[in-house]
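Asks: Here you go, entry_18.cif (mmCIF, C-alpha atoms):
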```
data_model
loop_
_atom_site.label_atom_id
_atom_site.label_comp_id
_atom_site.auth_asym_id
_atom_site.auth_seq_id
_atom_site.Cartn_x
_atom_site.Cartn_y
_atom_site.Cartn_z
CA MET E 153 45.41 -3.52 -42.39
CA ASN E 154 42.94 -3.82 -45.31
CA ARG E 155 39.40 -2.56 -45.39
CA LYS E 156 37.83 -6.04 -45.45
CA TYR E 157 39.67 -7.02 -42.25
CA LEU E 158 38.58 -3.84 -40.47
CA LEU E 159 34.98 -4.51 -41.47
CA MET E 160 35.12 -8.06 -40.09
CA LEU E 161 36.76 -6.79 -36.89
CA GLY E 162 33.97 -4.23 -36.47
CA VAL E 163 31.31 -6.91 -36.86
CA CYS E 164 32.99 -9.12 -34.24
CA LEU E 165 33.25 -6.24 -31.76
CA ALA E 166 29.60 -5.39 -32.32
CA LEU E 167 28.60 -8.98 -31.58
CA LEU E 168 30.69 -9.03 -28.42
CA LEU E 169 29.21 -5.77 -27.25
CA SER E 170 25.74 -7.02 -28.09
CA ASP E 171 26.28 -10.12 -25.90
CA ALA E 172 27.45 -7.91 -23.03
CA VAL E 173 24.49 -5.58 -23.36
CA TYR E 174 21.94 -8.39 -23.33
CA ALA E 175 23.51 -10.40 -20.53
CA ARG E 176 20.98 -10.86 -17.76
CA HIS E 177 21.52 -9.55 -14.28
CA TYR E 178 19.82 -10.12 -10.95
CA VAL E 179 19.11 -8.25 -7.75
CA ILE E 180 17.93 -10.32 -4.78
CA ALA E 181 16.52 -8.65 -1.64
CA LEU E 182 16.22 -10.66 1.57
CA SER E 183 14.94 -9.66 5.00
CA PRO E 184 16.90 -10.49 8.16
CA MET E 185 13.80 -9.96 10.34
CA GLN E 186 12.64 -13.55 10.63
CA GLY E 187 13.56 -16.84 12.24
CA ARG E 188 17.11 -18.15 11.84
CA GLU E 189 16.02 -21.27 9.97
CA ALA E 190 13.89 -19.33 7.50
CA LEU E 191 16.70 -16.86 6.82
CA GLN E 192 19.20 -19.67 6.33
CA ASN E 193 16.87 -21.50 3.93
CA GLN E 194 16.27 -18.37 1.85
CA SER E 195 19.99 -17.58 1.73
CA ALA E 196 20.79 -21.15 0.65
CA ALA E 197 18.09 -20.99 -2.05
CA THR E 198 19.58 -17.68 -3.23
CA LEU E 199 23.05 -19.23 -3.54
CA ARG E 200 21.71 -22.27 -5.43
CA PHE E 201 19.82 -20.01 -7.82
CA LEU E 202 22.87 -17.87 -8.57
CA MET E 203 25.21 -20.79 -9.09
CA GLN E 204 22.74 -22.35 -11.52
CA GLN E 205 21.65 -19.24 -13.38
CA LEU E 206 24.63 -16.90 -13.62
CA GLN E 207 26.35 -17.23 -16.96
CA PRO E 208 29.64 -15.71 -18.12
CA SER E 209 29.46 -11.87 -18.16
CA GLU E 210 26.40 -11.88 -15.84
CA SER E 211 26.19 -10.58 -12.28
CA ALA E 212 23.95 -10.41 -9.24
CA LEU E 213 23.56 -8.14 -6.26
CA VAL E 214 22.20 -9.40 -2.93
CA VAL E 215 20.84 -6.70 -0.63
CA ASP E 216 19.39 -6.40 2.86
CA GLY E 217 15.84 -5.22 2.12
CA LEU E 218 15.27 -4.07 5.69
CA HIS E 219 18.37 -1.95 6.27
CA LEU E 220 18.89 -1.05 2.58
CA LYS E 221 22.50 -2.07 2.23
CA THR E 222 24.53 -4.40 0.05
CA VAL E 223 25.16 -7.92 1.36
CA ALA E 224 27.19 -9.38 -1.49
CA HIS E 225 28.02 -8.90 -5.16
CA PHE E 226 28.36 -11.93 -7.44
CA ALA E 227 29.93 -11.80 -10.90
CA VAL E 228 30.98 -14.33 -13.53
CA LYS E 229 33.82 -13.49 -15.87
CA ASP E 230 33.24 -13.79 -19.58
CA LYS E 231 35.14 -17.06 -19.98
CA ALA E 232 33.77 -20.50 -20.82
CA VAL E 233 35.49 -22.08 -17.81
CA TYR E 234 33.05 -20.24 -15.54
CA ASN E 235 30.14 -22.24 -16.84
CA ASN E 236 31.27 -24.74 -14.23
CA PRO E 237 29.52 -24.24 -10.83
CA LYS E 238 32.73 -24.97 -8.90
CA ALA E 239 34.59 -22.32 -10.86
CA LYS E 240 31.80 -19.83 -10.15
CA MET E 241 31.97 -20.61 -6.45
CA GLN E 242 35.75 -20.24 -6.37
CA LEU E 243 35.49 -16.89 -8.16
CA ASN E 244 32.85 -15.64 -5.70
CA LYS E 245 34.31 -16.91 -2.42
CA LYS E 246 34.05 -13.55 -0.69
CA ALA E 247 30.46 -13.01 -1.82
CA ILE E 248 29.45 -16.48 -0.63
CA ALA E 249 31.07 -15.86 2.75
CA ALA E 250 29.23 -12.55 3.06
CA LEU E 251 25.89 -14.18 2.22
CA ARG E 252 26.48 -16.95 4.77
CA GLN E 253 27.42 -14.39 7.40
CA PHE E 254 24.17 -12.53 6.66
CA ALA E 255 22.21 -15.78 7.06
CA GLU E 256 23.65 -16.27 10.56
CA ARG E 257 22.54 -12.86 11.81
CA PRO E 258 18.74 -12.69 11.92
CA VAL E 259 17.16 -9.59 13.44
CA ASN E 260 14.80 -10.04 16.39
CA MET E 261 11.16 -9.77 15.47
CA ALA E 262 9.59 -6.42 16.31
CA GLU E 263 6.40 -6.17 18.34
CA HIS E 264 4.27 -6.04 15.20
CA GLY E 265 5.35 -9.59 14.41
CA VAL E 266 5.74 -9.14 10.64
CA ALA E 267 8.15 -11.87 9.54
CA GLY E 268 10.19 -10.94 6.49
CA MET E 269 9.57 -7.22 6.96
CA MET E 270 11.11 -4.93 4.37
CA GLN E 271 10.96 -1.29 3.35
CA VAL E 272 9.87 -2.02 -0.20
CA PRO E 273 9.21 1.57 -1.42
CA GLN E 274 12.55 2.70 -0.01
CA LEU E 275 14.21 -0.43 -1.43
CA LEU E 276 13.00 0.36 -4.94
CA GLN E 277 14.35 3.91 -4.64
CA PHE E 278 17.64 2.63 -3.19
CA LEU E 279 18.16 0.30 -6.15
CA GLY E 280 17.06 2.79 -8.79
CA ARG E 281 19.17 5.67 -7.52
CA ASN E 282 22.30 3.68 -6.67
CA TYR E 283 22.45 0.88 -9.24
CA GLY E 284 20.43 2.04 -12.24
CA PRO E 285 19.90 2.39 -15.08
CA PHE E 286 18.99 -1.27 -15.65
CA GLU E 287 18.69 -3.42 -18.71
CA ASP E 288 17.32 -6.96 -18.76
CA THR E 289 17.39 -7.24 -14.97
CA ASP E 290 15.27 -9.44 -12.72
CA ILE E 291 14.72 -8.10 -9.20
CA ILE E 292 13.78 -10.78 -6.70
CA ILE E 293 12.10 -9.83 -3.41
CA VAL E 294 11.68 -12.42 -0.67
CA GLY E 295 9.70 -10.77 2.09
CA SER E 296 6.37 -9.68 3.49
CA PRO E 297 4.05 -7.39 1.51
CA ILE E 298 2.98 -5.77 4.79
CA HIS E 299 4.63 -2.34 5.00
CA VAL E 300 5.34 -1.11 8.53
CA ASP E 301 6.24 2.55 8.98
CA SER E 302 7.74 3.80 12.23
CA ARG E 303 7.16 7.48 11.33
CA ASP E 304 3.43 7.36 10.78
CA PRO E 305 1.12 4.36 11.39
CA ASN E 306 -1.26 5.82 8.80
CA TRP E 307 1.32 4.88 6.17
CA GLY E 308 1.53 1.26 7.30
CA MET E 309 -0.45 -1.87 6.52
CA LEU E 310 -0.87 -3.40 9.96
CA GLY E 311 -4.37 -4.23 11.14
CA LYS E 312 -5.78 -4.78 7.64
CA GLN E 313 -4.84 -1.29 6.45
CA TYR E 314 -4.02 -0.41 2.88
CA PRO E 315 -3.15 2.88 1.14
CA THR E 316 -5.29 4.27 -1.65
CA ASP E 317 -4.02 5.73 -4.93
CA GLY E 318 -3.80 9.24 -3.51
CA HIS E 319 -0.47 8.28 -1.90
CA PHE E 320 1.04 8.01 -5.38
CA SER E 321 0.33 11.64 -6.21
CA VAL E 322 1.56 13.48 -3.12
CA ALA E 323 5.09 14.71 -2.40
CA PRO E 324 7.66 12.24 -1.01
CA HIS E 325 7.58 13.79 2.46
CA GLU E 326 3.81 13.18 2.60
CA SER E 327 3.95 9.45 1.88
CA PRO E 328 6.60 6.74 1.35
CA PHE E 329 4.48 5.57 -1.60
CA SER E 330 4.92 8.83 -3.52
CA LEU E 331 5.69 8.27 -7.20
CA GLN E 332 6.97 11.76 -7.91
CA GLY E 333 10.23 11.46 -9.85
CA THR E 334 10.26 7.65 -9.90
CA SER E 335 8.94 6.77 -13.36
CA GLU E 336 12.39 6.06 -14.85
CA LEU E 337 14.17 4.50 -11.86
CA LEU E 338 13.52 0.83 -12.63
CA VAL E 339 12.86 0.80 -16.36
CA GLY E 340 14.12 -2.49 -17.83
CA THR E 341 13.41 -4.58 -14.73
CA ARG E 342 11.04 -7.40 -13.91
CA ILE E 343 10.18 -7.81 -10.23
CA HIS E 344 9.49 -11.26 -8.81
CA TRP E 345 8.11 -11.14 -5.28
CA ALA E 346 7.62 -14.16 -3.02
CA TYR E 347 6.10 -13.80 0.44
CA PRO E 348 7.10 -16.79 2.61
CA ASP E 349 4.41 -16.02 5.20
CA GLU E 350 0.83 -16.00 3.85
CA SER E 351 -0.82 -14.99 7.14
CA TRP E 352 -1.29 -11.45 5.74
CA THR E 353 -3.97 -12.75 3.33
CA ILE E 354 -6.64 -12.30 6.02
CA ASN E 355 -9.48 -12.34 3.50
CA ASP E 356 -9.99 -12.13 -0.24
CA GLU E 357 -10.85 -8.42 -0.22
CA TYR E 358 -7.66 -7.45 1.60
CA ARG E 359 -5.51 -9.73 -0.55
CA VAL E 360 -6.93 -8.25 -3.77
CA ARG E 361 -6.53 -4.65 -2.63
CA LEU E 362 -2.90 -5.11 -1.52
CA THR E 363 -2.06 -7.04 -4.68
CA ARG E 364 -3.50 -4.21 -6.78
CA PHE E 365 -1.63 -1.58 -4.79
CA TRP E 366 1.79 -3.22 -5.19
CA HIS E 367 1.26 -3.75 -8.92
CA LEU E 368 0.50 -0.07 -9.43
CA LEU E 369 3.36 1.11 -7.22
CA VAL E 370 5.93 -1.06 -9.01
CA GLU E 371 4.68 0.16 -12.39
CA GLY E 372 5.10 3.72 -11.12
CA TYR E 373 8.84 3.01 -11.03
CA GLY E 374 8.84 1.91 -14.66
CA ALA E 375 9.11 -1.78 -13.74
CA GLU E 376 6.59 -4.61 -13.91
CA LEU E 377 5.49 -6.88 -11.07
CA SER E 378 5.99 -10.11 -12.97
CA THR E 379 5.47 -12.43 -10.02
CA PHE E 380 3.59 -12.00 -6.74
CA THR E 381 3.12 -15.30 -4.96
CA GLY E 382 3.46 -17.27 -1.75
CA ASP E 383 5.02 -20.20 -3.65
CA MET E 384 8.81 -19.88 -3.52
CA ALA E 385 9.41 -22.51 -6.22
CA THR E 386 7.12 -20.67 -8.62
CA MET E 387 8.92 -17.40 -7.98
CA TRP E 388 12.42 -18.85 -8.51
CA GLY E 389 11.27 -20.57 -11.71
CA ARG E 390 9.69 -17.44 -13.18
CA ALA E 391 12.74 -15.37 -12.26
CA ALA E 392 15.04 -17.90 -13.93
CA ARG E 393 13.02 -17.67 -17.14
CA GLY E 394 12.69 -13.88 -16.95
CA GLU E 395 8.91 -14.18 -17.16
CA LYS E 396 6.97 -11.01 -17.88
CA ALA E 397 3.93 -9.83 -15.94
CA VAL E 398 0.50 -11.23 -16.73
CA PRO E 399 -1.98 -8.48 -17.77
CA HIS E 400 -4.01 -7.48 -14.72
CA GLY E 401 -6.43 -4.70 -15.69
CA TYR E 402 -5.72 -2.56 -12.62
CA GLN E 403 -6.14 1.15 -13.31
CA ARG E 404 -4.80 3.94 -11.17
CA ARG E 405 -7.35 6.41 -9.85
CA GLU E 406 -6.21 10.00 -10.24
CA THR E 407 -6.58 11.60 -6.82
CA ASN E 408 -4.29 13.56 -4.51
CA LYS E 409 -5.97 12.35 -1.30
CA PRO E 410 -3.42 10.20 0.62
CA GLU E 411 -6.02 8.07 2.37
CA THR E 412 -5.31 4.81 4.17
CA ILE E 413 -8.29 2.50 4.60
CA GLN E 414 -8.70 -0.02 7.37
CA LEU E 415 -10.89 -3.06 7.02
CA ILE E 416 -12.25 -3.40 10.55
CA ASP E 417 -14.23 -6.23 12.08
CA ARG E 418 -17.07 -4.67 14.02
CA PRO E 419 -17.30 -5.41 17.74
CA GLN E 420 -19.72 -8.22 18.55
CA ASP E 421 -22.08 -5.90 20.42
CA VAL E 422 -22.59 -3.71 17.32
CA LYS E 423 -25.26 -4.74 14.83
CA GLN E 424 -23.79 -6.43 11.78
CA VAL E 425 -26.38 -5.07 9.36
CA SER E 426 -24.99 -2.03 7.54
CA ILE E 427 -26.28 1.30 8.82
CA TYR E 428 -27.24 2.05 5.22
CA ASP E 429 -29.52 -1.01 5.08
CA ARG E 430 -31.44 -0.58 8.34
CA PRO E 431 -35.04 0.65 8.42
CA LEU E 432 -35.44 4.22 9.65
CA THR E 433 -37.44 5.16 12.72
CA ASP E 434 -39.44 8.37 13.15
CA VAL E 435 -39.70 8.17 16.95
CA PRO E 436 -37.20 10.61 18.51
CA PRO E 437 -35.06 9.30 21.39
CA THR E 438 -35.63 10.53 24.93
CA LYS E 439 -33.28 13.12 26.37
CA GLN E 440 -31.82 10.40 28.62
CA VAL E 441 -30.99 8.23 25.61
CA LEU E 442 -29.56 11.24 23.76
CA ARG E 443 -27.26 12.16 26.63
CA GLN E 444 -26.07 8.58 27.22
CA ALA E 445 -26.20 7.18 23.72
CA GLN E 446 -24.78 3.68 23.26
CA ASN E 447 -23.70 1.72 20.17
CA VAL E 448 -23.69 4.89 18.07
CA GLU E 449 -22.89 4.78 14.37
CA ILE E 450 -22.84 7.73 11.99
CA GLY E 451 -22.56 7.41 8.23
CA ILE E 452 -23.04 9.39 5.02
CA SER E 453 -23.99 8.31 1.52
CA TRP E 454 -24.35 10.46 -1.62
CA ASN E 455 -25.61 10.38 -5.18
CA CYS E 456 -22.49 11.43 -7.14
CA GLU E 457 -20.49 8.31 -8.00
CA HIS E 458 -17.38 10.24 -9.02
CA CYS E 459 -17.45 12.58 -6.02
CA ASP E 460 -15.64 12.01 -2.74
CA LEU E 461 -17.21 13.23 0.49
CA ASP E 462 -15.54 13.01 3.88
CA LEU E 463 -17.09 12.62 7.31
CA TYR E 464 -15.51 14.22 10.39
CA VAL E 465 -16.85 13.35 13.85
CA ARG E 466 -15.67 14.68 17.21
CA PRO E 467 -17.18 12.94 20.28
CA HIS E 468 -16.91 16.07 22.41
CA ARG E 469 -14.96 19.33 22.53
CA GLY E 470 -11.29 18.57 23.20
CA ALA E 471 -11.55 14.99 21.91
CA GLU E 472 -9.70 13.67 18.85
CA VAL E 473 -11.54 13.95 15.55
CA LEU E 474 -12.29 10.72 13.69
CA TYR E 475 -11.86 10.95 9.91
CA PHE E 476 -9.88 9.32 7.09
CA GLY E 477 -6.60 10.74 8.37
CA HIS E 478 -7.14 9.62 11.98
CA ARG E 479 -9.06 6.39 12.01
CA GLN E 480 -9.01 5.14 15.58
CA THR E 481 -9.17 6.65 19.08
CA GLN E 482 -10.16 5.44 22.53
CA LEU E 483 -13.77 6.42 21.80
CA GLY E 484 -14.29 4.94 18.35
CA PHE E 485 -13.10 4.24 14.84
CA TYR E 486 -13.58 5.48 11.29
CA HIS E 487 -14.17 2.93 8.55
CA LYS E 488 -15.70 2.40 5.13
CA ASP E 489 -18.86 0.64 4.03
CA PHE E 490 -17.92 -1.09 0.78
CA THR E 491 -21.05 -3.22 0.47
CA ARG E 492 -23.36 -0.30 -0.17
CA SER E 493 -21.00 2.09 -1.93
CA PRO E 494 -21.30 2.36 -5.74
CA GLN E 495 -17.58 3.09 -5.92
CA THR E 496 -15.28 0.19 -6.73
CA ASP E 497 -12.23 1.74 -5.09
CA GLY E 498 -13.81 3.36 -2.05
CA GLY E 499 -16.71 3.15 0.34
CA TYR E 500 -19.16 5.27 2.25
CA GLU E 501 -17.77 7.13 5.24
CA THR E 502 -18.75 5.64 8.60
CA VAL E 503 -17.83 6.27 12.25
CA THR E 504 -18.58 3.85 15.06
CA PHE E 505 -18.29 4.84 18.71
CA THR E 506 -17.04 2.19 21.13
CA ALA E 507 -18.03 4.21 24.22
CA THR E 508 -21.14 5.94 25.46
CA VAL E 509 -21.42 9.53 24.18
CA ASP E 510 -23.56 12.59 24.78
CA LEU E 511 -24.90 13.34 21.31
CA GLN E 512 -25.53 16.95 22.31
CA ASP E 513 -21.74 17.40 22.46
CA VAL E 514 -20.92 15.53 19.23
CA LEU E 515 -19.67 17.59 16.27
CA ILE E 516 -20.46 16.21 12.81
CA ALA E 517 -18.92 17.83 9.72
CA VAL E 518 -19.15 16.82 6.06
CA ASN E 519 -16.69 17.98 3.40
CA TRP E 520 -16.91 17.73 -0.38
CA TYR E 521 -13.31 16.71 -1.00
CA ASP E 522 -13.05 15.77 -4.67
CA GLY E 523 -15.01 15.32 -7.89
CA LYS E 524 -17.31 17.54 -9.95
CA SER E 525 -21.07 17.88 -10.24
CA ALA E 526 -22.85 20.80 -11.91
CA ASP E 527 -25.85 20.38 -9.61
CA GLY E 528 -23.96 19.96 -6.36
CA VAL E 529 -24.16 16.78 -4.27
CA GLN E 530 -27.20 15.37 -2.52
CA GLY E 531 -26.73 12.89 0.27
CA GLU E 532 -28.11 11.34 3.41
CA ILE E 533 -26.65 11.15 6.88
CA ARG E 534 -27.63 8.28 9.13
CA LEU E 535 -27.25 8.01 12.89
CA ALA E 536 -27.92 4.83 14.84
CA ILE E 537 -28.39 4.55 18.59
CA SER E 538 -28.42 0.86 19.51
CA ASP E 539 -31.28 -0.62 17.45
CA GLN E 540 -32.82 2.71 16.36
CA THR E 541 -31.62 4.32 13.12
CA TYR E 542 -32.40 7.86 11.98
CA GLY E 543 -31.80 9.58 8.65
CA LEU E 544 -31.64 13.13 7.28
CA PRO E 545 -31.03 14.35 3.71
CA PHE E 546 -28.40 17.03 3.06
CA VAL E 547 -27.17 19.08 0.10
CA LEU E 548 -23.73 20.50 -0.69
CA THR E 549 -23.90 23.32 -3.21
CA GLY E 550 -21.16 24.23 -5.65
CA THR E 551 -19.67 22.33 -8.57
CA SER E 552 -16.48 20.65 -7.30
CA GLY E 553 -14.57 19.51 -4.24
CA ASN E 554 -11.97 21.62 -2.47
CA GLY E 555 -9.55 19.07 -1.04
CA SER E 556 -10.65 19.75 2.60
CA SER E 557 -9.65 23.42 2.45
CA GLY E 558 -10.96 25.11 5.59
CA LYS E 559 -10.83 22.00 7.73
CA ASP E 560 -9.06 23.46 10.76
CA LYS E 561 -11.32 26.53 10.90
CA THR E 562 -14.49 24.47 10.46
CA LEU E 563 -13.61 22.06 13.25
CA ALA E 564 -12.39 24.81 15.58
CA ASP E 565 -15.38 27.11 15.10
CA GLY E 566 -18.06 24.49 14.63
CA LYS E 567 -19.21 26.45 11.57
CA PRO E 568 -18.66 25.82 7.83
CA ALA E 569 -15.57 27.68 6.60
CA ASN E 570 -16.88 27.63 3.02
CA LYS E 571 -19.66 26.14 0.89
CA ASN E 572 -17.86 22.79 0.63
CA TRP E 573 -18.55 22.14 4.31
CA LEU E 574 -21.65 21.27 6.31
CA ILE E 575 -22.10 21.11 10.06
CA ILE E 576 -24.97 18.76 10.97
CA ASN E 577 -26.50 18.81 14.42
CA PRO E 578 -27.20 15.28 15.75
CA LYS E 579 -30.50 16.54 17.23
CA ASP E 580 -31.67 17.46 13.72
CA ILE E 581 -30.96 13.92 12.52
CA VAL E 582 -33.00 12.25 15.26
CA GLY E 583 -35.88 14.72 14.96
CA LEU E 584 -35.44 16.80 18.10
#
```
Can the structure from this file be put into structure tokens for me?
Replies:
Amino acid sequence: MNRKYLLMLGVCLALLLSDAVYARHYVIALSPMQGREALQNQSAATLRFLMQQLQPSESALVVDGLHLKTVAHFAVKDKAVYNNPKAKMQLNKKAIAALRQFAERPVNMAEHGVAGMMQVPQLLQFLGRNYGPFEDTDIIIVGSPIHVDSRDPNWGMLGKQYPTDGHFSVAPHESPFSLQGTSELLVGTRIHWAYPDESWTINDEYRVRLTRFWHLLVEGYGAELSTFTGDMATMWGRAARGEKAVPHGYQRRETNKPETIQLIDRPQDVKQVSIYDRPLTDVPPTKQVLRQAQNVEIGISWNCEHCDLDLYVRPHRGAEVLYFGHRQTQLGFYHKDFTRSPQTDGGYETVTFTATVDLQDVLIAVNWYDGKSADGVQGEIRLAISDQTYGLPFVLTGTSGNGSSGKDKTLADGKPANKNWLIINPKDIVGL
């Protein structure tokens, strides 16, 4: 065998290997938690897509995105005859039967009513750890962007909730959205996500915040969210062409605070004007009003844009504390005021009571959680009783936040555990 022949043989092998390396592959995740007709339609669309798009030497994996298990594996041998759709179907008879069987077994809707529910963070880990590394792979997700978590409702997205960037930084056991150890799992993949049910887009603010969150989470796995749409045809077309993501400009905020924010519609009997916009009164309430205060709101604002302060309010001793980690109880709810806050990714801390309270028994604590300021932080606390609003300035000394260190002691003793905490007496706010 002469040297020229060996050289030509080497070139041919390199070309063959190059074709194999750059063959495209697909992963398609479907959710069985939806109506039978919807599941059948999505499964049929999946089969049509694969029969049209899979070329010789290419493959596709179909997975159950709810239960995190393989449904079917499609593959096309590297022979020209398999360019024919009928030949592809004959070759993948078992996979087609498995997909059809999946389509006939929808899962009953849970009480939360989220059609197309998936465990997307767990799905991305499942794919990365079991089927990676990837190269030139398009991952297709057909399901709801509303994450529901049975372990902790604070991790879910029901009721207009959304996680903040702090979830990315914490350990995996602290949040399903943790990005520790995930940066290489899905390198080489483009994710195309279609949500068949658009009812989750309650308003523009919620839609934008969830869209931003999923983009950043996907990028934390080394992938790109190339498509995120409610139009199925658009998604299938972009996946077929292997379209890349459009630049979005979202930037991750570096924080280790795993906060979940809830956009709450205020009850009709609570004034709609922000507590931070109301005129202040200097007439103290009577003792009767103080002891049976109705329509109470408490909020804090501050002057350090890059600092994060937290408000903790306990209606009475023995009651549950309202704060960012526990947002709703039988007596009230914690929420954010985004209209008045200078921060683009957060809002001023606010608590609204939905029941009558005795303000003499209410515990109010303020913590400097994060951020730095050489001169400390100056702020104002506001307290509204029905149509009367009171204000009081406060100061937190020090130079930086402490991540809520001393929380348990402060709340138990009713006294600041360190200089990053303040206890504010409601009677001081209203001028008594």
Asks: Run the PyMOL selection byres ((chain E and resi 389) around 12) against the file shown and list the residues it catches, as a list in words.
Replies: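 On this input, the PyMOL selection byres ((chain E and resi 389) around 12) captures Ala197, Phe201, Gln204, Gln205, Asp290, Ile292, His344, Trp345, Ala346, Ser378, Thr379, Thr381, Asp383, Met384, Ala385, Thr386, Met387, Trp388, Arg390, Ala391, Ala392, Arg393, Gly394 and Glu395 of chain E.
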Asks: Go through segment 391-492 of chain E and flag each residue having an atom no more than 6 Å from segment 307-315 of chain E; for those, report the closest pair of atoms plus their distance in Å to one decimal, using only C-alpha atoms, ordered by chain and rising number, as a tab-separated table.
Replies:
```
residue	atom	partner	partner_atom	distance
E:Thr412	CA	E:Pro315	CA	4.2
E:Ile413	CA	E:Tyr314	CA	5.4
E:Gln414	CA	E:Gln313	CA	4.2
E:Leu415	CA	E:Lys312	CA	5.4
```
Asks: Where does the PyMOL selection byres ((chain E and resi 438) around 12) land in this file, that is, which residues does it pick, as a list in words?
Replies: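 That selection, the PyMOL selection byres ((chain E and resi 438) around 12), comes back as Val435, Pro436, Pro437, Lys439, Gln440, Val441, Leu442, Arg443, Gln444, Ala445, Leu511, Ile537, Gln540, Lys579, Val582, Gly583 and Leu584 of chain E.
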Asks: What does the distance from atom CA of Thr289 of chain E to atom CA of Phe226 of chain E come to in Å, to one decimal?
Replies: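 Result for atom CA of Thr289 of chain E versus atom CA of Phe226 of chain E: 14.1 Å, one decimal.
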Asks: Enumerate, as a list in words, the residues matched when the PyMOL selection byres ((chain E and resi 452) around 6) is run on the file above.
Replies: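 So the PyMOL selection byres ((chain E and resi 452) around 6) ends up selecting Gly451, Ser453, Glu501, Glu532 and Ile533 of chain E.
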Asks: Can you work out the spacing between atom CA of Val214 of chain E and atom CA of Arg364 of chain E in Å, to one decimal?
Replies: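 The value is 26.5 Å.
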Asks: Would you mind reading off the distance between atom CA of Gly295 of chain E and atom CA of Met269 of chain E, one decimal, in Å?
Replies: 6.0 Å
Asks: Rank nothing, just name the residue among E:Ile354, E:Ile343, E:Val473, E:Met185 nearest to Ile293 of chain E, using only C-alpha atoms.
Replies: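 Among the listed residues, the smallest separation from Ile293 of chain E belongs to E:Ile343.
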Asks: Please determine, counting all atoms listed in the file, which residue among E:Ile180, E:His458, E:Arg257, E:Gly268 has the shortest atom-to-atom distance to His225 of chain E.
Replies: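 Checking each of E:Ile180, E:His458, E:Arg257, E:Gly268 against His225 of chain E, counting all atoms listed in the file, the winner is E:Ile180.
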Asks: Have a look at E:Ala397, E:Ala255, E:Ala190, E:Leu206 and name the one nearest to Pro237 of chain E; count only C-alpha atoms.
Replies: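 Smallest separation from Pro237 of chain E among the options: E:Leu206.
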Asks: Nearest to Phe476 of chain E among E:Thr502, E:Ser330, E:Ser183, E:Ser296, with distances taken over all atoms listed in the file: which residue is it?
Replies: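 Selected residue with least distance to Phe476 of chain E: E:Thr502.
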Asks: Can you take the partial segment 509-521 of chain E, add N, CA and C atoms, and return it as a short mmCIF file (atom, residue, chain, number, x, y, z; two decimals), in the coordinates of the input?
Replies:
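Below is the file that was written, result-v4.cif:
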```
data_model
loop_
_atom_site.label_atom_id
_atom_site.label_comp_id
_atom_site.auth_asym_id
_atom_site.auth_seq_id
_atom_site.Cartn_x
_atom_site.Cartn_y
_atom_site.Cartn_z
N VAL E 509 -21.66 8.11 24.47
CA VAL E 509 -21.42 9.53 24.18
C VAL E 509 -22.68 10.35 24.43
N ASP E 510 -22.47 11.62 24.69
CA ASP E 510 -23.56 12.59 24.78
C ASP E 510 -23.70 13.22 23.40
N LEU E 511 -24.75 12.87 22.68
CA LEU E 511 -24.90 13.34 21.31
C LEU E 511 -25.07 14.86 21.22
N GLN E 512 -25.43 15.50 22.32
CA GLN E 512 -25.53 16.95 22.31
C GLN E 512 -24.16 17.61 22.19
N ASP E 513 -23.10 16.87 22.52
CA ASP E 513 -21.74 17.40 22.46
C ASP E 513 -20.99 16.96 21.20
N VAL E 514 -21.60 16.09 20.41
CA VAL E 514 -20.92 15.53 19.23
C VAL E 514 -20.95 16.54 18.08
N LEU E 515 -19.77 16.73 17.46
CA LEU E 515 -19.67 17.59 16.27
C LEU E 515 -19.59 16.71 15.04
N ILE E 516 -20.47 16.96 14.07
CA ILE E 516 -20.46 16.21 12.81
C ILE E 516 -20.25 17.20 11.67
N ALA E 517 -19.22 16.97 10.88
CA ALA E 517 -18.92 17.83 9.72
C ALA E 517 -18.79 16.97 8.48
N VAL E 518 -19.26 17.50 7.36
CA VAL E 518 -19.15 16.82 6.06
C VAL E 518 -18.44 17.75 5.09
N ASN E 519 -17.46 17.20 4.38
CA ASN E 519 -16.69 17.98 3.40
C ASN E 519 -16.79 17.35 2.02
N TRP E 520 -16.98 18.19 1.01
CA TRP E 520 -16.91 17.73 -0.38
C TRP E 520 -15.45 17.86 -0.79
N TYR E 521 -14.76 16.71 -0.81
CA TYR E 521 -13.31 16.71 -1.00
C TYR E 521 -12.91 16.77 -2.48
#
```
